[in-house]
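Enquirer: Below you will find the structure I want to go over with you.
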Amino acid sequence: MTKSTAAPATAPATSTEPGYEALAERFRPVFARIAEGSLAREQDRVLPFEQVRWLNEAGFGRLRVPAAHGGDGIGFEPLFRLLIELAESDPSVAHLYRSHFAFVETVGLEDQQFQERWYPRVVAGEIFGNAATERSGNVLGATGTTLSRAGGDWLLNGKKFYTTGTIFADWIAVTASTEGLEGRQYAVVSTTAPGVEILDDWDGFGQQLTGTGTTVFRDAVVPDANIIQRSVSTTHEPAFFQLVLLAVLAGVGRAALADARVLVRDRKRTFNTGSGELFRHDPLILQLVGQLSAKVFAAESVVRAAARELDAAADQDLDFTLAQRYTKGEVAVEKAQLLVPELVLSAAQQLFDVTGASSTSKSKALDRHWRNARTVATHNPAVFKARMVGDYEVNGTTPEGLHSIGDARPAG
């Protein structure tokens, strides 16, 4: 087993606007192709396998791999800006890459041998899913999925749910317990390995195409080199995981605004109780669109600001302790979690105020923006984050990143 370290690998940021635009232009044609079929995939429940392939072929998955290992080595802010743009095209596609980019961050925390094993796979276009959460039965901080020795390898057994992105992936990072070892481990297993079964049974009312369903492991063989000893430590990983979700939300907001523009610009019908003008000239309707636009702008701005804090926390030229680096990024993302969901949910709701009853037609599927935003926003209760931010501000208490979900332990 390999043991993780606590400092993220340094990656230069594409910090200038011309630099970001040059980077984004590589992917915007792909994002546009993805957007073309997004509504039809939503309505027909077609998983975006082809769209993921386009992104992999364009090198999207290697953006955070250091340049020394063949990647782009970009910073956090440009990555999250790209995720926002992708989420505007299709929020499910942006969301399903969450586990992949998180695994790339994990690789950056491991030793050189581990990096030399996995970075080339990422650069080659292979992507990674996750299998961390179980529906029930596991006590908070533990897992019912287990690793047991079988000669020089390990056997993986268990059942996971919320395995977002795994159905599209080449590899799965599985959280498991091992007899005789404290804490939990990551077992990295191939999606095509014998004993691995991936089900498309996600039934959420939003983010329906993320593959967020069940994955089952029955004596799946995992080589010793594919086991990572994980511990609860002060790394940027929890904040990174959560900020991906906020980037997806910001992209949903942009998509709602794009629909608002078209609906108001093209609408011919009006109401006698209004100005009698076309909606595109009605000052009250334009005011509503302006409010919606401001909410979307604010949501995206908050995500980018939090990403810049992660960049600063990862900057090895700045004289921070590991604890300070962790706190800087974690607090910023927790504050963002208190703002972004409310802004985007409000924007998605306000979309229906700028048009008439025709906007509720199933053929338009405008409700998808609210459904997607509401689904993403449920991943980590904001009330817990508000309490931790307040505790940090008042008492200086270091916030605890989200690293475990399970059944509450009995009181006493």
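Ordering of the structure tokens sets the chain letters (A, B, ...), residue numbers begin anew at 1 in every chain, and ligands are numbered from 1 in the order given.
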If you run DSSP on this backbone, which residues of region 208-334 of chain A come out as strand (DSSP E), and could you give them as a list in words?

Expert: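 Assigned to strand (DSSP E), within region 208-334 of chain A: Thr215, Val216, Phe217, Arg218, Asp219, Ala220, Val221, Val222, Pro223, Ile227, Ile228 and Gln229 of chain A.
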
Enquirer: Determine, counting only C-alpha atoms, which protein, DNA and RNA residues have an atom within 10 Å of an atom of Asp266 (chain A); residues of the same chain fewer than 4 positions away are not included. Present the result as a tab-separated table (two decimals) with N, CA and C atoms, in the first residue's frame.

Expert:
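Contents of the output file around-v5.tsv:
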chain	number	residue	atom	x	y	z
A	261	ARG	N	-32.86	34.46	-22.41
A	261	ARG	CA	-32.59	35.39	-23.52
A	261	ARG	C	-33.45	35.03	-24.74
A	262	VAL	N	-33.43	33.75	-25.10
A	262	VAL	CA	-34.13	33.31	-26.30
A	262	VAL	C	-35.64	33.45	-26.12
A	278	LEU	N	-43.92	44.09	-26.99
A	278	LEU	CA	-43.25	42.81	-27.03
A	278	LEU	C	-42.44	42.64	-25.74
A	279	PHE	N	-42.33	41.39	-25.28
A	279	PHE	CA	-41.58	41.15	-24.04
A	279	PHE	C	-40.17	41.71	-24.12
A	280	ARG	N	-39.56	41.67	-25.29
A	280	ARG	CA	-38.19	42.13	-25.41
A	280	ARG	C	-38.06	43.63	-25.18

Enquirer: Could you build a table of the residues in region 241-305 of chain A lying no more than 7 Å from region 329-347 of chain A, giving for each the nearest pair of atoms and their separation in Å rounded to one decimal place, using only C-alpha atoms, ordered by chain and ascending residue number, as JSON lines?

Expert:
{"residue": "A:Leu243", "atom": "CA", "partner": "A:Val333", "partner_atom": "CA", "distance": 6.3}
{"residue": "A:Leu246", "atom": "CA", "partner": "A:Val340", "partner_atom": "CA", "distance": 6.6}
{"residue": "A:Leu249", "atom": "CA", "partner": "A:Val344", "partner_atom": "CA", "distance": 6.5}
{"residue": "A:Ala250", "atom": "CA", "partner": "A:Val344", "partner_atom": "CA", "distance": 6.7}
{"residue": "A:Gly253", "atom": "CA", "partner": "A:Val344", "partner_atom": "CA", "distance": 5.2}
{"residue": "A:Leu292", "atom": "CA", "partner": "A:Ala347", "partner_atom": "CA", "distance": 5.1}
{"residue": "A:Lys295", "atom": "CA", "partner": "A:Leu343", "partner_atom": "CA", "distance": 5.4}
{"residue": "A:Val296", "atom": "CA", "partner": "A:Val344", "partner_atom": "CA", "distance": 6.4}
{"residue": "A:Ala299", "atom": "CA", "partner": "A:Val340", "partner_atom": "CA", "distance": 4.9}
{"residue": "A:Val302", "atom": "CA", "partner": "A:Ala336", "partner_atom": "CA", "distance": 6.0}
{"residue": "A:Val303", "atom": "CA", "partner": "A:Ala336", "partner_atom": "CA", "distance": 6.6}

Enquirer: I need the residue nearest Gln349 (chain A) from this list: A:Arg325, A:Arg374, A:Arg28, A:Lys362. Use only C-alpha atoms for the distance.

Expert: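 When distances to Gln349 (chain A) are compared using only C-alpha atoms, the smallest one comes from A:Arg374.
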
Enquirer: Quick check, in Å to one decimal: how far apart do CA of Pro399 (chain A) and CA of Ala239 (chain A) lie?

Expert: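 If I compute the distance from CA of Pro399 (chain A) to CA of Ala239 (chain A), I get 10.7 Å.
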
Enquirer: So how many Å separate CA of Gly401 (chain A) and CA of Pro238 (chain A), to one decimal?

Expert: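 Atom-to-atom, CA of Gly401 (chain A) and CA of Pro238 (chain A) are spaced 5.3 Å apart.
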
Enquirer: Between A:Tyr326, A:Phe205, A:Phe161, A:Phe114, which residue has the minimum interatomic distance to Thr235 (chain A), considering only C-alpha atoms?

Expert: A:Tyr326

Enquirer: From a backbone DSSP assignment, name each residue in region 127-352 of chain A labelled helix (DSSP H, G or I), as a PyMOL selection string.

Expert: chain A and resi 166-168+224-226+237-266+279-281+283-314+322-337+340-352

Enquirer: Take CA of Thr133 (chain A) and CA of Arg218 (chain A) and report the distance between them in Å, one decimal.

Expert: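 A separation of 16.7 Å between them.
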
Enquirer: Within 10 Å of Ala312 (chain A), counting only C-alpha atoms, which residues show up once you throw out same-chain ones fewer than 3 positions away? Write them as a ChimeraX atom specification, please.

Expert: /A:13,75-76,306-309,315-318,320,325,328-329

Enquirer: Just to be explicit: take each residue in the selection above, keep C-alpha atoms, and write the result as a tab-separated table (two decimals), in the first residue's frame.

Expert:
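Listed below is the output, again_2.tsv:
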chain	number	residue	atom	x	y	z
A	13	ALA	CA	-2.31	28.74	-13.27
A	75	GLY	CA	-4.36	25.84	-12.10
A	76	PHE	CA	-7.64	25.48	-10.30
A	306	ALA	CA	-12.99	30.11	-4.29
A	307	ALA	CA	-10.89	28.51	-7.01
A	308	ARG	CA	-8.34	31.31	-6.72
A	309	GLU	CA	-8.13	30.60	-2.99
A	315	ASP	CA	1.22	27.83	-4.31
A	316	GLN	CA	4.47	26.48	-2.88
A	317	ASP	CA	6.07	29.92	-3.18
A	318	LEU	CA	3.75	31.21	-0.46
A	320	PHE	CA	1.90	28.64	4.48
A	325	ARG	CA	-3.17	25.73	3.14
A	328	LYS	CA	-7.58	28.66	3.25
A	329	GLY	CA	-9.15	26.48	0.58

Enquirer: Using only C-alpha atoms, pick whichever of A:Val252, A:Leu83, A:Ala386, A:Val65 has the shortest atom-to-atom distance to Trp118 (chain A).

Expert: A:Val65

Enquirer: Please identify all polymer residues within 8 Å of Asp170 (chain A), counting only C-alpha atoms, omitting same-chain residues fewer than 6 positions from it, and present them as a count of residues only.

Expert: 7

Enquirer: I want to know what sits within 9 Å of Leu366 (chain A), based on only C-alpha atoms, with residues of the same chain fewer than 3 positions away left out; could you give that as a CSV table (one decimal) with C-alpha atoms, in the first residue's frame?

Expert:
chain,number,residue,atom,x,y,z
A,256,ALA,CA,-31.1,29.1,-17.6
A,259,ASP,CA,-32.9,30.1,-22.3
A,348,ALA,CA,-33.8,28.8,-12.4
A,351,LEU,CA,-36.7,31.8,-15.6
A,352,PHE,CA,-40.5,31.0,-15.5
A,359,SER,CA,-42.7,27.7,-20.8
A,360,THR,CA,-44.1,24.7,-18.8
A,361,SER,CA,-44.4,22.6,-21.9
A,362,LYS,CA,-42.6,19.3,-21.5
A,363,SER,CA,-41.1,19.7,-25.0
A,369,HIS,CA,-32.5,23.7,-14.8
A,370,TRP,CA,-34.2,23.8,-11.4
